[in-house]
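Trainee: Next up, coords05.cif (mmCIF, C-alpha atoms).
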```cif
data_upload
loop_
_atom_site.label_atom_id
_atom_site.label_comp_id
_atom_site.auth_asym_id
_atom_site.auth_seq_id
_atom_site.Cartn_x
_atom_site.Cartn_y
_atom_site.Cartn_z
CA MET G 474 -21.99 62.63 -24.49
CA ILE G 475 -21.19 61.72 -28.09
CA GLY G 476 -21.61 64.66 -30.46
CA VAL G 477 -23.96 64.74 -33.47
CA GLY G 478 -22.52 63.09 -36.54
CA TYR G 479 -20.48 60.58 -34.59
CA LYS G 480 -21.36 56.96 -35.11
CA LEU G 481 -21.17 54.66 -32.09
CA ILE G 482 -18.96 51.69 -32.90
CA THR G 483 -18.88 48.62 -30.67
CA ILE G 484 -15.50 46.94 -30.61
CA THR G 485 -15.53 43.30 -29.61
CA GLN G 486 -12.21 42.15 -28.17
CA GLN G 487 -11.10 38.80 -29.57
CA PRO G 488 -10.23 36.28 -26.88
CA THR G 489 -6.51 35.55 -26.74
CA PRO G 490 -5.60 31.90 -26.76
CA ASN G 491 -4.74 30.55 -23.30
CA THR G 492 -1.17 29.45 -23.70
CA LYS G 493 -0.50 29.29 -19.97
CA LYS G 494 0.51 25.82 -18.82
CA LYS G 495 -1.95 24.09 -16.53
CA LYS G 496 -0.73 24.25 -12.93
CA ASP G 497 0.53 21.00 -11.45
CA MET G 498 -1.22 19.86 -8.30
CA LYS G 499 1.24 19.65 -5.40
CA VAL G 500 0.69 16.70 -3.09
CA LEU G 501 2.35 16.25 0.30
CA MET G 502 2.24 12.51 0.91
CA PHE G 503 3.10 10.68 4.12
CA GLY G 504 4.14 7.02 3.81
CA TRP G 505 5.85 4.43 5.99
CA GLU G 506 7.62 2.02 3.60
CA TYR G 507 8.60 2.01 -0.05
CA PRO G 508 10.26 -0.46 -2.42
CA PRO G 509 12.79 -1.97 -2.63
CA HIS G 510 12.66 -2.13 1.19
CA VAL G 511 9.40 -4.01 1.63
CA PHE G 512 8.14 -4.91 5.11
CA GLY G 513 4.50 -5.51 4.11
CA GLY G 514 1.89 -4.76 1.46
CA LEU G 515 1.92 -1.02 2.19
CA ALA G 516 5.17 -0.48 0.26
CA THR G 517 3.79 -2.01 -2.93
CA ALA G 518 0.56 0.01 -2.73
CA ASN G 519 2.35 3.27 -1.95
CA TYR G 520 4.68 2.78 -4.93
CA GLY G 521 1.80 1.90 -7.26
CA ILE G 522 -0.26 4.91 -6.19
CA SER G 523 2.72 7.27 -6.62
CA GLN G 524 3.43 5.90 -10.10
CA GLY G 525 -0.26 5.99 -11.03
CA LEU G 526 -0.57 9.64 -9.99
CA HIS G 527 2.66 10.56 -11.77
CA ALA G 528 1.24 9.02 -14.98
CA GLN G 529 -1.53 11.66 -14.94
CA GLY G 530 1.09 14.22 -15.98
CA ASP G 531 0.00 17.10 -13.74
CA MET G 532 1.03 15.84 -10.31
CA ASP G 533 3.97 17.06 -8.22
CA ILE G 534 4.34 14.54 -5.38
CA THR G 535 6.54 14.85 -2.32
CA LEU G 536 6.64 11.61 -0.30
CA CYS G 537 7.84 11.62 3.30
CA LEU G 538 9.37 8.36 4.57
CA PRO G 539 10.73 7.66 8.06
CA HIS G 540 13.83 5.79 6.94
CA PRO G 541 14.70 5.84 3.21
CA PHE G 542 17.90 4.07 2.20
CA GLY G 543 18.86 6.11 -0.86
CA ASP G 544 18.15 3.39 -3.45
CA GLU G 545 14.43 4.07 -3.87
CA ASP G 546 12.93 4.82 -7.29
CA THR G 547 12.26 8.57 -7.29
CA SER G 548 10.90 8.80 -10.85
CA ALA G 549 7.36 9.48 -9.61
CA CYS G 550 8.00 11.56 -6.50
CA LYS G 551 10.52 13.56 -4.51
CA LEU G 552 11.46 11.89 -1.21
CA VAL G 553 11.83 13.60 2.14
CA ALA G 554 13.89 11.57 4.61
CA MET G 555 12.19 12.21 7.94
CA ASN G 556 15.27 10.87 9.76
CA ALA G 557 17.26 13.77 8.26
CA VAL G 558 14.76 16.56 9.01
CA PRO G 559 16.03 18.81 11.84
CA ILE G 560 13.70 19.47 14.77
CA ALA G 561 16.43 21.16 16.86
CA TRP G 562 19.00 23.73 15.69
CA ARG G 563 22.49 22.50 14.95
CA ASP G 564 25.21 24.76 13.53
CA VAL G 565 26.48 22.53 10.73
CA SER G 566 27.98 23.20 7.31
CA ALA G 567 26.58 22.13 3.96
CA ASP G 568 29.59 19.86 3.46
CA TYR G 569 28.93 18.14 6.78
CA VAL G 570 25.24 17.62 5.93
CA ARG G 571 26.20 16.26 2.52
CA GLU G 572 28.70 13.87 4.09
CA ARG G 573 26.20 12.65 6.70
CA VAL G 574 22.93 12.34 4.75
CA GLY G 575 23.74 13.39 1.18
CA ASN G 576 22.52 10.06 -0.21
CA ILE G 577 19.00 10.65 1.14
CA MET G 578 18.68 14.43 1.61
CA ASP G 579 19.65 17.48 -0.44
CA PRO G 580 21.66 19.78 1.92
CA GLU G 581 19.73 22.78 0.56
CA LEU G 582 16.47 21.20 1.74
CA TYR G 583 18.01 20.52 5.17
CA PHE G 584 18.71 24.24 5.65
CA ARG G 585 15.27 25.24 4.36
CA LEU G 586 13.71 22.89 6.89
CA ARG G 587 15.98 24.20 9.67
CA ASP G 588 14.59 27.69 9.05
CA HIS G 589 11.12 26.44 10.03
CA LEU G 590 11.72 24.93 13.48
CA TYR G 591 8.63 25.57 15.57
CA ALA G 592 9.66 24.45 19.08
CA ASP G 593 12.72 23.43 21.08
CA PHE G 594 12.98 19.64 20.87
CA ASN G 595 16.49 19.36 22.33
CA TYR G 596 15.02 17.30 25.17
CA MET G 597 14.26 14.51 22.69
CA HIS G 598 16.77 11.98 21.34
CA VAL G 599 18.15 14.09 18.52
CA ASN G 600 21.45 13.46 16.77
CA ASP G 601 24.29 15.70 15.55
CA LEU G 602 21.99 17.11 12.81
CA GLY G 603 19.18 17.84 15.26
CA ALA G 604 17.19 15.01 13.65
CA MET G 605 15.63 11.83 15.06
CA GLU G 606 16.55 8.32 13.97
CA PHE G 607 14.01 5.72 12.83
CA ALA G 608 14.48 1.95 12.90
CA GLY G 609 12.59 1.42 9.65
CA GLY G 610 9.79 -1.10 9.38
CA TYR G 611 7.69 -1.97 12.41
CA PRO G 612 9.88 -2.00 15.56
CA GLY G 613 8.80 -2.70 19.14
CA ASN G 614 8.59 1.04 19.90
CA LEU G 615 6.29 1.67 16.92
CA HIS G 616 3.95 4.05 18.78
CA GLU G 617 6.92 6.20 19.83
CA GLU G 618 8.11 6.33 16.20
CA ILE G 619 4.61 7.30 15.00
CA ASN G 620 4.62 10.20 17.49
CA ASN G 621 8.13 11.30 16.46
CA TYR G 622 7.12 11.15 12.80
CA SER G 623 4.18 13.50 13.48
CA ILE G 624 6.46 15.98 15.30
CA ILE G 625 8.82 16.05 12.31
CA ALA G 626 5.82 16.45 9.97
CA GLY G 627 5.25 19.85 11.61
CA VAL G 628 8.59 21.12 10.28
CA VAL G 629 7.98 19.67 6.80
CA ALA G 630 4.44 21.12 6.66
CA ARG G 631 5.73 24.61 7.55
CA THR G 632 8.47 24.47 4.89
CA LEU G 633 7.03 22.97 1.71
CA ASP G 634 4.43 24.30 -0.72
CA TYR G 635 1.49 21.97 -1.43
CA ASP G 636 -2.22 21.93 -2.27
CA ILE G 637 -3.37 18.75 -0.56
CA ILE G 638 -2.16 16.18 2.02
CA HIS G 639 -2.36 12.40 1.55
CA ALA G 640 -1.61 10.13 4.54
CA HIS G 641 -1.21 6.36 4.07
CA ASP G 642 -2.52 4.09 6.83
CA TRP G 643 -2.89 4.74 10.57
CA LEU G 644 0.86 5.09 11.11
CA THR G 645 0.90 8.44 9.29
CA TYR G 646 -2.54 9.81 10.25
CA PRO G 647 -1.13 11.92 13.15
CA ALA G 648 1.42 13.44 10.74
CA GLY G 649 -1.34 14.23 8.25
CA ILE G 650 -3.47 15.86 10.95
CA HIS G 651 -0.51 17.97 12.09
CA ALA G 652 0.16 19.12 8.51
CA LYS G 653 -3.51 20.04 8.08
CA GLN G 654 -3.57 22.03 11.32
CA VAL G 655 -0.41 23.92 10.30
CA SER G 656 -1.40 24.65 6.70
CA GLY G 657 -5.19 24.58 6.58
CA LYS G 658 -4.90 22.39 3.48
CA PRO G 659 -7.35 19.48 3.02
CA LEU G 660 -6.39 16.03 4.27
CA CYS G 661 -6.99 12.77 2.39
CA ILE G 662 -6.31 9.57 4.27
CA HIS G 663 -5.83 6.17 2.66
CA VAL G 664 -7.22 3.25 4.66
CA HIS G 665 -5.17 0.23 3.62
CA ALA G 666 -6.45 -1.76 6.62
CA THR G 667 -8.17 -1.20 9.95
CA ASP G 668 -7.51 -2.78 13.32
CA PHE G 669 -10.77 -4.72 12.87
CA ASP G 670 -9.00 -6.57 10.02
CA ARG G 671 -5.71 -7.07 11.82
CA SER G 672 -7.12 -8.20 15.18
CA ARG G 673 -10.11 -10.31 14.13
CA GLY G 674 -12.35 -8.06 16.22
CA LYS G 675 -10.12 -7.80 19.32
CA VAL G 676 -9.38 -4.15 18.63
CA ASN G 677 -6.44 -2.36 20.25
CA PRO G 678 -8.03 0.79 21.76
CA THR G 679 -4.90 2.90 21.19
CA VAL G 680 -4.72 1.98 17.50
CA TYR G 681 -8.49 2.45 17.11
CA SER G 682 -8.29 5.96 18.59
CA ILE G 683 -5.47 6.92 16.18
CA GLU G 684 -7.45 5.53 13.24
CA LYS G 685 -10.67 7.26 14.27
CA ASN G 686 -8.95 10.58 14.92
CA GLY G 687 -7.45 10.42 11.43
CA MET G 688 -10.84 9.68 9.89
CA ASP G 689 -12.58 12.39 11.91
CA ASN G 690 -10.06 14.99 10.70
CA ALA G 691 -9.98 13.82 7.08
CA ASP G 692 -11.76 15.68 4.30
CA CYS G 693 -11.65 12.59 2.08
CA ILE G 694 -11.27 8.93 3.10
CA MET G 695 -9.98 6.53 0.44
CA CYS G 696 -10.65 2.86 1.24
CA VAL G 697 -9.00 -0.03 -0.62
CA SER G 698 -12.30 -1.91 -0.98
CA GLU G 699 -16.03 -1.57 -0.40
CA LEU G 700 -15.53 -4.06 2.44
CA THR G 701 -13.14 -1.60 4.12
CA ARG G 702 -15.40 1.36 3.31
CA GLN G 703 -18.31 -0.29 5.14
CA THR G 704 -16.04 -0.96 8.14
CA VAL G 705 -15.02 2.73 8.17
CA ILE G 706 -18.64 3.88 7.96
CA ASN G 707 -20.10 1.43 10.49
CA GLN G 708 -17.29 0.82 13.00
CA TYR G 709 -15.68 4.28 12.91
CA HIS G 710 -18.96 6.19 12.40
CA GLN G 711 -17.85 8.19 9.35
CA ASP G 712 -20.01 10.15 6.91
CA PRO G 713 -20.48 7.95 3.81
CA ARG G 714 -20.30 11.06 1.62
CA LYS G 715 -16.59 11.50 2.32
CA CYS G 716 -15.70 7.78 2.02
CA PHE G 717 -14.69 6.40 -1.39
CA THR G 718 -13.60 2.99 -2.64
CA VAL G 719 -10.20 3.06 -4.37
CA HIS G 720 -9.23 -0.50 -5.30
CA ASN G 721 -5.57 -1.41 -5.58
CA ALA G 722 -3.98 -2.65 -8.79
CA VAL G 723 -0.82 -4.34 -10.02
CA TYR G 724 2.08 -3.27 -12.22
CA PRO G 725 3.09 -5.15 -15.38
CA LEU G 726 5.80 -7.67 -14.55
CA PRO G 727 9.28 -6.36 -15.33
CA GLU G 728 11.22 -8.44 -17.86
CA GLU G 729 13.42 -9.81 -15.08
CA TYR G 730 10.40 -11.47 -13.43
CA ASP G 731 8.35 -12.14 -16.56
CA SER G 732 11.18 -14.21 -18.02
CA ILE G 733 11.31 -16.57 -15.01
CA PRO G 734 10.41 -19.99 -16.48
CA ARG G 735 7.30 -21.86 -15.30
CA PRO G 736 8.18 -25.48 -14.47
CA ASP G 737 5.91 -28.17 -15.92
CA HIS G 738 4.61 -30.36 -13.09
CA THR G 739 2.78 -32.81 -15.37
CA GLY G 740 3.19 -36.26 -13.82
CA LYS G 741 4.99 -34.74 -10.83
CA ASP G 742 3.92 -33.42 -7.43
CA LYS G 743 1.73 -30.32 -7.69
CA VAL G 744 2.69 -27.29 -5.58
CA VAL G 745 0.09 -25.29 -3.60
CA THR G 746 1.28 -22.02 -2.04
CA PHE G 747 0.26 -19.65 0.75
CA LEU G 748 2.38 -16.48 0.67
CA GLY G 749 1.99 -13.74 3.26
CA ARG G 750 2.25 -12.91 6.94
CA ILE G 751 1.61 -16.06 8.95
CA THR G 752 -0.73 -14.37 11.37
CA MET G 753 -4.35 -14.58 12.51
CA GLN G 754 -5.72 -12.14 9.90
CA LYS G 755 -4.42 -14.27 7.01
CA GLY G 756 -6.13 -17.53 8.10
CA PRO G 757 -3.08 -19.84 7.88
CA GLU G 758 -4.73 -22.58 9.99
CA TYR G 759 -7.48 -22.95 7.35
CA PHE G 760 -4.77 -23.54 4.73
CA VAL G 761 -3.20 -26.31 6.84
CA GLU G 762 -6.55 -27.98 7.57
CA ALA G 763 -7.55 -27.87 3.89
CA ALA G 764 -4.14 -29.28 2.96
CA ASN G 765 -4.74 -32.18 5.33
CA MET G 766 -8.02 -32.97 3.54
CA VAL G 767 -6.37 -32.79 0.09
CA ILE G 768 -3.55 -35.12 1.14
CA ARG G 769 -6.13 -37.70 2.23
CA ARG G 770 -7.24 -37.84 -1.43
CA THR G 771 -3.83 -37.70 -3.10
CA ARG G 772 -0.22 -37.72 -1.96
CA ASN G 773 0.97 -36.14 -5.22
CA VAL G 774 0.85 -32.59 -3.89
CA ARG G 775 3.14 -30.40 -1.80
CA PHE G 776 2.23 -27.34 0.23
CA CYS G 777 4.37 -24.26 0.66
CA MET G 778 3.69 -21.72 3.43
CA ALA G 779 5.98 -18.81 2.57
CA GLY G 780 6.31 -15.88 4.93
CA SER G 781 6.89 -15.21 8.59
CA GLY G 782 4.73 -14.14 11.50
CA ASP G 783 3.63 -14.81 15.05
CA MET G 784 1.78 -18.02 14.09
CA MET G 785 4.59 -19.67 12.12
CA ASN G 786 5.67 -22.09 14.88
CA VAL G 787 2.02 -22.90 15.63
CA MET G 788 1.50 -23.82 11.95
CA ILE G 789 4.63 -25.99 11.90
CA HIS G 790 3.31 -27.88 14.92
CA LEU G 791 -0.19 -28.14 13.40
CA ALA G 792 1.22 -29.69 10.20
CA ALA G 793 3.15 -32.18 12.34
CA GLU G 794 0.06 -33.03 14.42
CA ARG G 795 -1.92 -33.74 11.24
CA GLY G 796 0.85 -36.04 10.02
CA ILE G 797 1.53 -34.01 6.89
CA ALA G 798 4.86 -32.37 7.80
CA ASP G 799 6.61 -34.35 5.04
CA ARG G 800 4.34 -32.60 2.50
CA PHE G 801 4.85 -29.08 3.94
CA HIS G 802 7.59 -26.51 3.32
CA PHE G 803 8.20 -23.31 5.33
CA PRO G 804 10.78 -21.28 3.34
CA GLY G 805 10.38 -18.11 5.45
CA PHE G 806 9.96 -14.46 4.42
CA MET G 807 10.42 -13.70 0.72
CA ARG G 808 10.93 -10.48 -1.20
CA GLY G 809 11.58 -9.29 -4.73
CA LYS G 810 12.47 -11.95 -7.26
CA GLN G 811 12.03 -14.77 -4.70
CA VAL G 812 8.29 -14.02 -4.54
CA TYR G 813 7.83 -14.38 -8.30
CA GLU G 814 9.99 -17.52 -8.47
CA CYS G 815 7.78 -19.03 -5.77
CA LEU G 816 4.55 -17.99 -7.54
CA LYS G 817 5.70 -19.30 -10.93
CA ASP G 818 6.71 -22.60 -9.34
CA SER G 819 3.18 -23.01 -7.92
CA ASP G 820 0.19 -24.74 -9.48
CA VAL G 821 -2.27 -23.12 -7.08
CA TYR G 822 -2.08 -19.94 -5.00
CA VAL G 823 -4.33 -19.71 -1.93
CA MET G 824 -5.25 -16.62 0.12
CA PRO G 825 -7.67 -17.79 2.87
CA SER G 826 -7.72 -14.45 4.72
CA VAL G 827 -10.25 -13.99 7.51
CA SER G 828 -10.46 -10.28 6.77
CA GLU G 829 -8.39 -8.86 3.91
CA PRO G 830 -8.97 -5.16 3.13
CA PHE G 831 -7.74 -5.77 -0.42
CA GLY G 832 -4.91 -8.27 -1.00
CA ILE G 833 -2.51 -7.55 -3.87
CA SER G 834 -0.81 -10.96 -3.77
CA PRO G 835 -3.59 -12.82 -5.67
CA LEU G 836 -3.22 -10.31 -8.51
CA GLU G 837 0.53 -10.96 -8.57
CA ALA G 838 -0.09 -14.73 -8.62
CA MET G 839 -2.56 -14.42 -11.52
CA GLN G 840 -0.01 -12.24 -13.35
CA CYS G 841 2.39 -15.18 -13.12
CA GLY G 842 -0.24 -17.49 -14.61
CA THR G 843 -0.93 -19.25 -11.31
CA PRO G 844 -4.57 -20.30 -10.70
CA THR G 845 -5.80 -18.58 -7.57
CA ILE G 846 -8.22 -19.28 -4.72
CA ILE G 847 -9.24 -16.37 -2.49
CA SER G 848 -11.58 -15.91 0.44
CA LYS G 849 -14.88 -14.13 -0.13
CA GLN G 850 -13.89 -11.98 2.85
CA SER G 851 -11.24 -10.13 0.81
CA GLY G 852 -11.44 -6.80 -0.96
CA CYS G 853 -9.91 -8.11 -4.19
CA ALA G 854 -12.87 -10.54 -4.47
CA GLU G 855 -14.92 -7.45 -5.43
CA ILE G 856 -13.00 -6.97 -8.68
CA LEU G 857 -11.65 -10.44 -9.61
CA THR G 858 -13.69 -12.89 -11.69
CA ASN G 859 -11.33 -15.56 -13.04
CA CYS G 860 -10.41 -17.15 -9.75
CA ILE G 861 -12.19 -19.40 -7.24
CA LYS G 862 -13.79 -17.74 -4.20
CA VAL G 863 -14.63 -19.57 -0.98
CA ASP G 864 -15.56 -18.57 2.57
CA TYR G 865 -12.37 -18.57 4.65
CA TRP G 866 -13.89 -20.94 7.21
CA ASP G 867 -15.13 -23.49 4.67
CA ILE G 868 -12.12 -25.85 4.59
CA HIS G 869 -14.17 -28.45 2.68
CA ALA G 870 -14.82 -26.02 -0.19
CA LEU G 871 -11.18 -24.87 -0.08
CA ALA G 872 -9.91 -28.46 -0.22
CA ASP G 873 -12.29 -29.24 -3.12
CA ALA G 874 -11.04 -26.18 -5.04
CA ILE G 875 -7.36 -27.06 -4.49
CA TYR G 876 -7.92 -30.68 -5.52
CA SER G 877 -9.95 -29.71 -8.59
CA ILE G 878 -7.24 -27.40 -9.95
CA CYS G 879 -4.50 -29.97 -9.26
CA ALA G 880 -6.46 -32.86 -10.83
CA ASN G 881 -8.24 -31.08 -13.70
CA GLU G 882 -5.80 -29.90 -16.39
CA SER G 883 -8.46 -27.96 -18.32
CA LEU G 884 -9.51 -26.01 -15.20
CA PHE G 885 -5.86 -25.26 -14.44
CA LYS G 886 -5.30 -24.00 -18.00
CA TYR G 887 -8.48 -21.88 -18.04
CA LEU G 888 -7.69 -20.11 -14.75
CA LYS G 889 -4.06 -19.67 -15.75
CA GLU G 890 -4.86 -17.97 -19.07
CA GLU G 891 -8.03 -16.05 -18.23
CA GLY G 892 -6.69 -14.90 -14.84
CA LYS G 893 -3.62 -13.39 -16.47
CA LYS G 894 -5.72 -11.60 -19.09
CA GLU G 895 -7.95 -10.16 -16.37
CA VAL G 896 -5.25 -8.72 -14.11
CA ASP G 897 -3.39 -7.23 -17.07
CA GLN G 898 -6.34 -4.80 -17.30
CA ILE G 899 -6.13 -3.75 -13.63
CA THR G 900 -3.59 -0.92 -13.72
CA TRP G 901 -2.26 1.69 -11.30
CA GLU G 902 -2.75 4.35 -14.00
CA LYS G 903 -6.53 3.89 -13.68
CA VAL G 904 -6.22 4.07 -9.88
CA GLY G 905 -4.14 7.24 -10.19
CA ALA G 906 -6.77 8.87 -12.40
CA TRP G 907 -9.50 8.15 -9.83
CA ILE G 908 -7.38 9.48 -6.92
CA ALA G 909 -6.58 12.63 -8.94
CA THR G 910 -10.33 13.15 -9.45
CA LEU G 911 -10.93 12.76 -5.70
CA TYR G 912 -8.16 15.30 -4.99
CA LYS G 913 -9.81 17.81 -7.33
CA ARG G 914 -13.25 17.27 -5.83
CA THR G 915 -11.84 17.66 -2.30
CA LEU G 916 -10.15 20.91 -3.33
CA GLY G 917 -13.28 22.14 -5.09
CA TRP G 918 -11.46 22.26 -8.43
CA GLU G 919 -14.19 20.15 -10.03
CA GLN G 920 -17.57 18.76 -9.04
#
```
What is this file in structure tokens?

Mentor:
Amino acid sequence: MIGVGYKLITITQQPTPNTKKKKDMKVLMFGWEYPPHVFGGLATANYGISQGLHAQGDMDITLCLPHPFGDEDTSACKLVAMNAVPIAWRDVSADYVRERVGNIMDPELYFRLRDHLYADFNYMHVNDLGAMEFAGGYPGNLHEEINNYSIIAGVVARTLDYDIIHAHDWLTYPAGIHAKQVSGKPLCIHVHATDFDRSRGKVNPTVYSIEKNGMDNADCIMCVSELTRQTVINQYHQDPRKCFTVHNAVYPLPEEYDSIPRPDHTGKDKVVTFLGRITMQKGPEYFVEAANMVIRRTRNVRFCMAGSGDMMNVMIHLAAERGIADRFHFPGFMRGKQVYECLKDSDVYVMPSVSEPFGISPLEAMQCGTPTIISKQSGCAEILTNCIKVDYWDIHALADAIYSICANESLFKYLKEEGKKEVDQITWEKVGAWIATLYKRTLGWEQ
């Protein structure tokens, strides 16, 4: 009790300024390919997403890859070489580890990982470091490599500190699930494609089960288009509330590619290009049939089908059967600078995909100032305006569009200029900001 004569004084404490640095979010990411070693579109998307997240300024990303080569750009993320992660004990020195895998793995990390072995995997094909080798890319024993990758993920998940898990495409879903089971941390999966896209409806039950298991265990499902999101909801029976559309983007052309000159084909043969995997999903036969119709109207056009795939020989024979082989070129698989040289040398770029979850290549073509025709059955059709859209099966409309761009200089110029302006606004930084928001919502850090 306060005595008589004492005056009660209330002291209000002034809030001290919060000078503590905001905590970086730690992301454990599982990928399968990464530039400059590109086997498909997944590498480009994974790189863009990593860079876009890094641009947010508060992201600490660790990316696991089955077979890095040591020349990857690590400015946006730390790499874990899964082919150098021990799953069986080997008594080796730091010097030996450095000599063997020093270009792709810090020896200190090797020993940290070795301290978290969780089972005896000596019965598996492990090497002198107690690690498993990966072929890289998409070998014939792909399902075995996916399983091995998920086993190794168990060691990584027990060793590293992270807030959230992000698994890219079905190849890494089992690894993501394993990491979630070990850590209890939330799992985001990124659906770059589904087997419904790849197989034209003739779904591989093994692949479907891996995809569905990943989706069932995911706390957040990121889909590269609304088209893909609807497939995930309707064909894989997922809750729409955890499925989000995260469109891909494109990076500004580096000077090396931007400076590639654009040949002027005025008064010369026009060049129309298909660039991608020559496989059922990409609709290459529609390109050849449309080309046949264009050549009936004018001989002053050449067609380039760049890429490789299981339908390449079939397409070569189809062009010969239609009597247009002298107007067709099959340069094979392209990567890096070759891609941009091909796009800049083209007057029209065509992507007649039967089912394309997104499709980054039209954005790259428009970046190069190449007028573009895409199928309405592609995810990028949801966000692109300054291009021509046709149904993949409508070869008459496709042929009309190709001919119109080749014959109409003002249409060519309009699509060239406006298309480039449009894609210059579609950036990975914006994608990274949206993914970061989804991470925070999944973690309950914001509503």

Trainee: So which residues touch Ala592 (chain G) within 10 Å, counting all atoms listed in the file, skipping near sequence neighbours fewer than 3 positions away, as a short mmCIF file (atom, residue, chain, number, x, y, z; two decimals) with C-alpha atoms, keeping the file's coordinate frame?

Mentor:
```
data_model
loop_
_atom_site.label_atom_id
_atom_site.label_comp_id
_atom_site.auth_asym_id
_atom_site.auth_seq_id
_atom_site.Cartn_x
_atom_site.Cartn_y
_atom_site.Cartn_z
CA ILE G 560 13.70 19.47 14.77
CA ALA G 561 16.43 21.16 16.86
CA TRP G 562 19.00 23.73 15.69
CA HIS G 589 11.12 26.44 10.03
CA ASN G 595 16.49 19.36 22.33
CA ILE G 624 6.46 15.98 15.30
CA GLY G 627 5.25 19.85 11.61
CA VAL G 628 8.59 21.12 10.28
#
```

Trainee: I'd like to know which of G:Phe503, G:Cys841, G:Asn600, G:Arg735 is closest to Ile662 (chain G), using all atoms listed in the file.

Mentor: G:Phe503

Trainee: Report the residues retrieved by the PyMOL selection byres ((chain G and resi 691-698) around 7) from the displayed file, expressed as an MDAnalysis selection string.

Mentor: chainID G and resid 659:665 687:690 699:702 715:721 830:831 852 915

Trainee: Restricted to C-alpha atoms, what would the selected residues look like written as a PDB file, keeping the file's coordinate frame?

Mentor:
```
ATOM      1  CA  PRO G 659      -7.350  19.480   3.020  1.00  0.00           C
ATOM      2  CA  LEU G 660      -6.390  16.030   4.270  1.00  0.00           C
ATOM      3  CA  CYS G 661      -6.990  12.770   2.390  1.00  0.00           C
ATOM      4  CA  ILE G 662      -6.310   9.570   4.270  1.00  0.00           C
ATOM      5  CA  HIS G 663      -5.830   6.170   2.660  1.00  0.00           C
ATOM      6  CA  VAL G 664      -7.220   3.250   4.660  1.00  0.00           C
ATOM      7  CA  HIS G 665      -5.170   0.230   3.620  1.00  0.00           C
ATOM      8  CA  GLY G 687      -7.450  10.420  11.430  1.00  0.00           C
ATOM      9  CA  MET G 688     -10.840   9.680   9.890  1.00  0.00           C
ATOM     10  CA  ASP G 689     -12.580  12.390  11.910  1.00  0.00           C
ATOM     11  CA  ASN G 690     -10.060  14.990  10.700  1.00  0.00           C
ATOM     12  CA  GLU G 699     -16.030  -1.570  -0.400  1.00  0.00           C
ATOM     13  CA  LEU G 700     -15.530  -4.060   2.440  1.00  0.00           C
ATOM     14  CA  THR G 701     -13.140  -1.600   4.120  1.00  0.00           C
ATOM     15  CA  ARG G 702     -15.400   1.360   3.310  1.00  0.00           C
ATOM     16  CA  LYS G 715     -16.590  11.500   2.320  1.00  0.00           C
ATOM     17  CA  CYS G 716     -15.700   7.780   2.020  1.00  0.00           C
ATOM     18  CA  PHE G 717     -14.690   6.400  -1.390  1.00  0.00           C
ATOM     19  CA  THR G 718     -13.600   2.990  -2.640  1.00  0.00           C
ATOM     20  CA  VAL G 719     -10.200   3.060  -4.370  1.00  0.00           C
ATOM     21  CA  HIS G 720      -9.230  -0.500  -5.300  1.00  0.00           C
ATOM     22  CA  ASN G 721      -5.570  -1.410  -5.580  1.00  0.00           C
ATOM     23  CA  PRO G 830      -8.970  -5.160   3.130  1.00  0.00           C
ATOM     24  CA  PHE G 831      -7.740  -5.770  -0.420  1.00  0.00           C
ATOM     25  CA  GLY G 852     -11.440  -6.800  -0.960  1.00  0.00           C
ATOM     26  CA  THR G 915     -11.840  17.660  -2.300  1.00  0.00           C
TER      27      THR G 915
END
```

Trainee: Between G:Glu728, G:Asp593, G:Glu758, G:Glu684, which is the closest to Ile789 (chain G) once you count all atoms listed in the file?

Mentor: G:Glu758

Trainee: I need the residue nearest Asp897 (chain G) from this list: G:Ala528, G:Leu816, G:Ile650, G:Leu857. Use only C-alpha atoms for the distance.

Mentor: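 Among G:Ala528, G:Leu816, G:Ile650, G:Leu857, it is G:Leu857 that comes nearest to Asp897 (chain G).
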
Trainee: Which residue gives the smallest distance to Cys537 (chain G) among G:Met502, G:Cys550, G:Ala906, G:Val558, with all atoms listed in the file counted?

Mentor: G:Met502

Trainee: Give me, as a PyMOL selection string, all polymer residues having an atom no more than 12 Å from Glu581 (chain G), counting only C-alpha atoms and skipping those fewer than 6 positions away in the same chain.

Mentor: chain G and resi 558+566-568+570-571+574-575+587-588

Trainee: For the provided coordinates, the residues matched by the PyMOL selection byres ((chain G and resi 601-613) around 7) should be stated as a ChimeraX atom specification.

Mentor: /G:506,512,539-540,556-563,598-600,614-615,618

Trainee: Considering only C-alpha atoms, can you say which of G:Lys499, G:Arg673, G:Lys653, G:Arg770 comes closest to Tyr635 (chain G)?

Mentor: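 Result for the nearest residue to Tyr635 (chain G): G:Lys499.
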
Trainee: As an exercise, work out the distance from CA of Ile577 (chain G) to CA of Gly543 (chain G) in Å and give it to one decimal place.

Mentor: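 Calculated distance between CA of Ile577 (chain G) and CA of Gly543 (chain G) is 5.0 Å.
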
Trainee: I need the residue nearest Ala764 (chain G) from this list: G:Pro844, G:Gly530, G:Gly796, G:Gly674. Use all atoms listed in the file for the distance.

Mentor: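 Residue with the minimum atom-to-atom distance to Ala764 (chain G): G:Gly796.
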